[in-house]
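The structure file work-v3.pdb is reproduced below (PDB, C-alpha atoms).
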ATOM      1  CA  MET A   1     -64.533   1.240 -55.542
ATOM      2  CA  ASN A   2     -67.815   2.059 -57.212
ATOM      3  CA  GLU A   3     -71.040   0.220 -56.331
ATOM      4  CA  THR A   4     -71.106  -1.823 -59.584
ATOM      5  CA  LYS A   5     -67.602  -3.234 -59.057
ATOM      6  CA  THR A   6     -68.363  -3.964 -55.394
ATOM      7  CA  THR A   7     -71.534  -5.837 -56.360
ATOM      8  CA  GLN A   8     -69.721  -7.791 -59.093
ATOM      9  CA  ARG A   9     -66.966  -8.746 -56.639
ATOM     10  CA  ARG A  10     -69.510  -9.982 -54.085
ATOM     11  CA  VAL A  11     -71.297 -12.071 -56.717
ATOM     12  CA  PHE A  12     -67.925 -13.516 -57.803
ATOM     13  CA  LEU A  13     -66.999 -14.333 -54.192
ATOM     14  CA  ARG A  14     -70.336 -16.079 -53.614
ATOM     15  CA  LYS A  15     -69.807 -18.168 -56.754
ATOM     16  CA  ILE A  16     -66.268 -19.214 -55.857
ATOM     17  CA  SER A  17     -67.269 -20.035 -52.302
ATOM     18  CA  ALA A  18     -69.787 -22.473 -53.748
ATOM     19  CA  LEU A  19     -66.897 -24.258 -55.445
ATOM     20  CA  GLY A  20     -65.579 -25.150 -51.988
ATOM     21  CA  ALA A  21     -68.089 -28.000 -51.937
ATOM     22  CA  ILE A  22     -66.078 -29.794 -54.634
ATOM     23  CA  GLY A  23     -63.654 -32.265 -53.070
ATOM     24  CA  VAL A  24     -60.154 -33.028 -54.273
ATOM     25  CA  THR A  25     -57.756 -35.821 -53.535
ATOM     26  CA  SER A  26     -55.900 -35.752 -50.217
ATOM     27  CA  ALA A  27     -52.508 -36.397 -51.766
ATOM     28  CA  VAL A  28     -50.664 -33.909 -53.906
ATOM     29  CA  GLY A  29     -48.029 -35.152 -56.316
ATOM     30  CA  GLY A  30     -47.033 -37.974 -54.013
ATOM     31  CA  VAL A  31     -46.834 -35.632 -51.019
ATOM     32  CA  ALA A  32     -49.492 -36.414 -48.428
ATOM     33  CA  HIS A  33     -51.374 -33.539 -46.817
ATOM     34  CA  ALA A  34     -50.587 -32.942 -43.173
ATOM     35  CA  ALA A  35     -52.838 -34.979 -40.919
ATOM     36  CA  LEU A  36     -55.808 -32.925 -39.753
ATOM     37  CA  SER A  37     -57.392 -33.327 -36.320
ATOM     38  CA  ALA A  38     -61.144 -33.791 -35.830
ATOM     39  CA  GLU A  39     -61.428 -30.073 -34.990
ATOM     40  CA  GLN A  40     -59.618 -29.165 -38.198
ATOM     41  CA  HIS A  41     -62.034 -31.330 -40.193
ATOM     42  CA  ARG A  42     -65.022 -29.280 -39.090
ATOM     43  CA  ARG A  43     -66.938 -27.735 -41.941
ATOM     44  CA  LEU A  44     -65.289 -24.585 -43.221
ATOM     45  CA  PRO A  45     -67.400 -21.490 -43.832
ATOM     46  CA  PRO A  46     -67.777 -20.202 -47.392
ATOM     47  CA  LEU A  47     -64.521 -18.723 -48.707
ATOM     48  CA  HIS A  48     -65.867 -15.163 -48.649
ATOM     49  CA  LYS A  49     -66.576 -15.497 -44.904
ATOM     50  CA  MET A  50     -63.391 -17.301 -43.833
ATOM     51  CA  THR A  51     -61.165 -15.753 -41.191
ATOM     52  CA  ALA A  52     -57.526 -16.185 -40.207
ATOM     53  CA  ALA A  53     -58.710 -18.656 -37.561
ATOM     54  CA  ASP A  54     -60.339 -20.795 -40.281
ATOM     55  CA  PHE A  55     -57.130 -20.876 -42.366
ATOM     56  CA  SER A  56     -54.689 -21.370 -39.470
ATOM     57  CA  PRO A  57     -55.400 -25.132 -39.040
ATOM     58  CA  LEU A  58     -54.414 -25.552 -42.704
ATOM     59  CA  ILE A  59     -50.838 -24.363 -42.061
ATOM     60  CA  GLY A  60     -48.476 -27.081 -43.234
ATOM     61  CA  SER A  61     -50.942 -28.562 -45.717
ATOM     62  CA  TRP A  62     -50.373 -28.677 -49.459
ATOM     63  CA  PHE A  63     -52.263 -26.798 -52.155
ATOM     64  CA  ARG A  64     -52.239 -27.333 -55.904
ATOM     65  CA  ILE A  65     -52.040 -24.198 -58.078
ATOM     66  CA  TYR A  66     -52.461 -24.433 -61.826
ATOM     67  CA  ASP A  67     -50.179 -22.372 -64.074
ATOM     68  CA  ASP A  68     -51.054 -20.898 -67.493
ATOM     69  CA  ARG A  69     -50.519 -24.264 -69.208
ATOM     70  CA  GLY A  70     -52.699 -26.103 -66.692
ATOM     71  CA  ASP A  71     -49.708 -27.755 -65.016
ATOM     72  CA  ALA A  72     -49.894 -28.141 -61.240
ATOM     73  CA  VAL A  73     -47.501 -26.305 -58.928
ATOM     74  CA  TYR A  74     -47.492 -27.620 -55.357
ATOM     75  CA  VAL A  75     -47.211 -25.133 -52.505
ATOM     76  CA  ARG A  76     -47.469 -25.406 -48.741
ATOM     77  CA  LEU A  77     -49.311 -22.909 -46.553
ATOM     78  CA  THR A  78     -46.675 -21.597 -44.141
ATOM     79  CA  GLU A  79     -48.248 -18.588 -42.484
ATOM     80  CA  VAL A  80     -51.553 -16.850 -41.791
ATOM     81  CA  CYS A  81     -51.278 -13.259 -40.538
ATOM     82  CA  ARG A  82     -54.084 -11.013 -39.368
ATOM     83  CA  LEU A  83     -53.882  -7.509 -40.802
ATOM     84  CA  PRO A  84     -54.294  -4.549 -38.465
ATOM     85  CA  SER A  85     -57.575  -2.735 -38.829
ATOM     86  CA  ALA A  86     -57.570   0.942 -39.703
ATOM     87  CA  GLY A  87     -60.874   1.346 -37.862
ATOM     88  CA  ALA A  88     -64.292  -0.191 -37.891
ATOM     89  CA  ARG A  89     -65.036  -2.352 -40.939
ATOM     90  CA  PRO A  90     -68.030  -1.224 -42.977
ATOM     91  CA  ARG A  91     -71.305  -2.922 -42.109
ATOM     92  CA  GLY A  92     -72.460  -5.595 -44.479
ATOM     93  CA  LEU A  93     -69.033  -7.008 -45.332
ATOM     94  CA  PRO A  94     -69.144 -10.801 -45.200
ATOM     95  CA  ARG A  95     -65.591 -11.057 -43.807
ATOM     96  CA  SER A  96     -65.068  -9.876 -40.227
ATOM     97  CA  GLU A  97     -61.292  -9.377 -40.516
ATOM     98  CA  ALA A  98     -58.529  -8.946 -43.068
ATOM     99  CA  PHE A  99     -55.640 -11.419 -43.225
ATOM    100  CA  VAL A 100     -52.824 -12.690 -45.455
ATOM    101  CA  THR A 101     -51.904 -16.269 -46.314
ATOM    102  CA  VAL A 102     -48.297 -17.093 -47.275
ATOM    103  CA  PHE A 103     -47.240 -20.136 -49.319
ATOM    104  CA  GLU A 104     -43.878 -21.632 -50.249
ATOM    105  CA  GLY A 105     -42.882 -24.208 -52.829
ATOM    106  CA  ARG A 106     -40.276 -24.971 -55.460
ATOM    107  CA  GLY A 107     -42.584 -24.322 -58.393
ATOM    108  CA  ILE A 108     -43.484 -20.738 -57.512
ATOM    109  CA  ALA A 109     -40.741 -19.325 -59.739
ATOM    110  CA  ALA A 110     -42.477 -20.968 -62.735
ATOM    111  CA  LEU A 111     -45.630 -18.915 -62.151
ATOM    112  CA  SER A 112     -46.154 -15.519 -63.700
ATOM    113  CA  GLY A 113     -43.979 -12.853 -62.057
ATOM    114  CA  ARG A 114     -46.912 -10.534 -61.439
ATOM    115  CA  GLY A 115     -49.988 -10.847 -59.271
ATOM    116  CA  ARG A 116     -52.929 -12.650 -60.802
ATOM    117  CA  THR A 117     -55.721 -15.097 -60.127
ATOM    118  CA  TYR A 118     -54.954 -18.821 -60.156
ATOM    119  CA  ARG A 119     -57.097 -21.943 -59.856
ATOM    120  CA  VAL A 120     -56.267 -23.596 -56.521
ATOM    121  CA  GLU A 121     -57.191 -27.015 -55.107
ATOM    122  CA  HIS A 122     -57.014 -28.213 -51.524
ATOM    123  CA  ALA A 123     -58.414 -31.294 -49.785
ATOM    124  CA  ARG A 124     -60.625 -29.197 -47.462
ATOM    125  CA  LEU A 125     -61.256 -26.051 -49.480
ATOM    126  CA  GLY A 126     -62.015 -27.822 -52.719
ATOM    127  CA  ARG A 127     -61.370 -25.939 -55.958
ATOM    128  CA  VAL A 128     -61.321 -22.118 -55.783
ATOM    129  CA  ASP A 129     -59.831 -19.182 -57.659
ATOM    130  CA  LEU A 130     -57.522 -16.958 -55.568
ATOM    131  CA  PHE A 131     -55.522 -13.861 -56.384
ATOM    132  CA  PHE A 132     -51.824 -14.270 -55.500
ATOM    133  CA  GLY A 133     -48.909 -11.897 -55.482
ATOM    134  CA  ILE A 134     -45.392 -13.283 -55.754
ATOM    135  CA  VAL A 135     -43.122 -11.691 -53.147
ATOM    136  CA  PRO A 136     -39.578 -12.509 -52.038
ATOM    137  CA  ASP A 137     -38.773 -13.556 -48.480
ATOM    138  CA  ALA A 138     -35.773 -12.158 -46.569
ATOM    139  CA  ALA A 139     -33.443 -14.526 -48.478
ATOM    140  CA  GLY A 140     -34.904 -13.532 -51.857
ATOM    141  CA  ARG A 141     -36.850 -16.795 -52.406
ATOM    142  CA  PRO A 142     -40.265 -16.299 -54.020
ATOM    143  CA  HIS A 143     -43.359 -16.841 -51.899
ATOM    144  CA  LEU A 144     -47.020 -16.491 -52.756
ATOM    145  CA  GLU A 145     -49.291 -14.199 -50.765
ATOM    146  CA  SER A 146     -53.042 -13.953 -50.945
ATOM    147  CA  VAL A 147     -54.792 -11.095 -49.139
ATOM    148  CA  PHE A 148     -58.310 -11.629 -47.819
ATOM    149  CA  ASN A 149     -59.942  -8.291 -47.110
TER     150      ASN A 149
END

Just give me the structure of the file as structure tokens.
Amino acid sequence: MNETKTTQRRVFLRKISALGAIGVTSAVGGVAHAALSAEQHRRLPPLHKMTAADFSPLIGSWFRIYDDRGDAVYVRLTEVCRLPSAGARPRGLPRSEAFVTVFEGRGIAALSGRGRTYRVEHARLGRVDLFFGIVPDAAGRPHLESVFN
């Protein structure tokens, strides 16, 4: 990746992490978010600095993803997986580790069949834009994955 694209990506990540300060309702389409303990309610770091450990307490909670028409699709975070490192990470990266988040929900099939960026809302994260890929599980059901690198 050339220096200009890297700089633009970092600026974008800083801007979207600032959106995390915007709160959203704690209920999604009549489905209440999973109860969060006091430890889970601690202040989250900016999105561009979050780790797998920051996302793990959110497993089981509901997220709202907006499709092309602006309609909400409700998905539940089911898994957070650390990615193996291929060596030392370059100095200066805001994120200390790479990880993947996996989501499931009935409305995923209605989303675009290719990877793209979607507006996402969550009670603790606020409103952010995340890139998702749609991948099938072992049974062929679509799941969403977002890679944080």

Between A:Gly126, A:Gly92, A:Gly70, A:Pro84, smallest distance to Lys49 (chain A) by all atoms listed in the file belongs to A:Gly92

Taking (-46.4, -25.0, -47.3) in the coordinates of the supplied file, I want to know which residues reach to within 12 Å of it, counting all atoms listed in the file; could you give the answer as number ranges by chain?
A: 28, 31-34, 56, 58-64, 73-80, 101-108, 122, 143-145

Residues in the PyMOL selection byres ((chain A and resi 130) around 8), expressed as a PyMOL selection string:
chain A and resi 117-120+128-129+131-132+146

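Between Met50 (chain A) and the residues A:Ala110, A:Asn149, A:Arg91, A:Ile65, the shortest atom-to-atom distance, using only C-alpha atoms, involves A:Asn149.
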
Quick check, in Å to one decimal: how far apart do CA of Ile134 (chain A) and CA of Ala109 (chain A) lie?
8.6 Å

Can you list, as a PyMOL selection string, the residues that the PyMOL selection byres ((chain A and resi 98) around 7) selects here?
chain A and resi 82-83+97+99+148-149

Filtering to C-alpha atoms, could you give me those residues as a short mmCIF file (atom, residue, chain, number, x, y, z; two decimals), in the frame of the given file?
data_model
loop_
_atom_site.label_atom_id
_atom_site.label_comp_id
_atom_site.auth_asym_id
_atom_site.auth_seq_id
_atom_site.Cartn_x
_atom_site.Cartn_y
_atom_site.Cartn_z
CA ARG A 82 -54.08 -11.01 -39.37
CA LEU A 83 -53.88 -7.51 -40.80
CA GLU A 97 -61.29 -9.38 -40.52
CA PHE A 99 -55.64 -11.42 -43.22
CA PHE A 148 -58.31 -11.63 -47.82
CA ASN A 149 -59.94 -8.29 -47.11
#
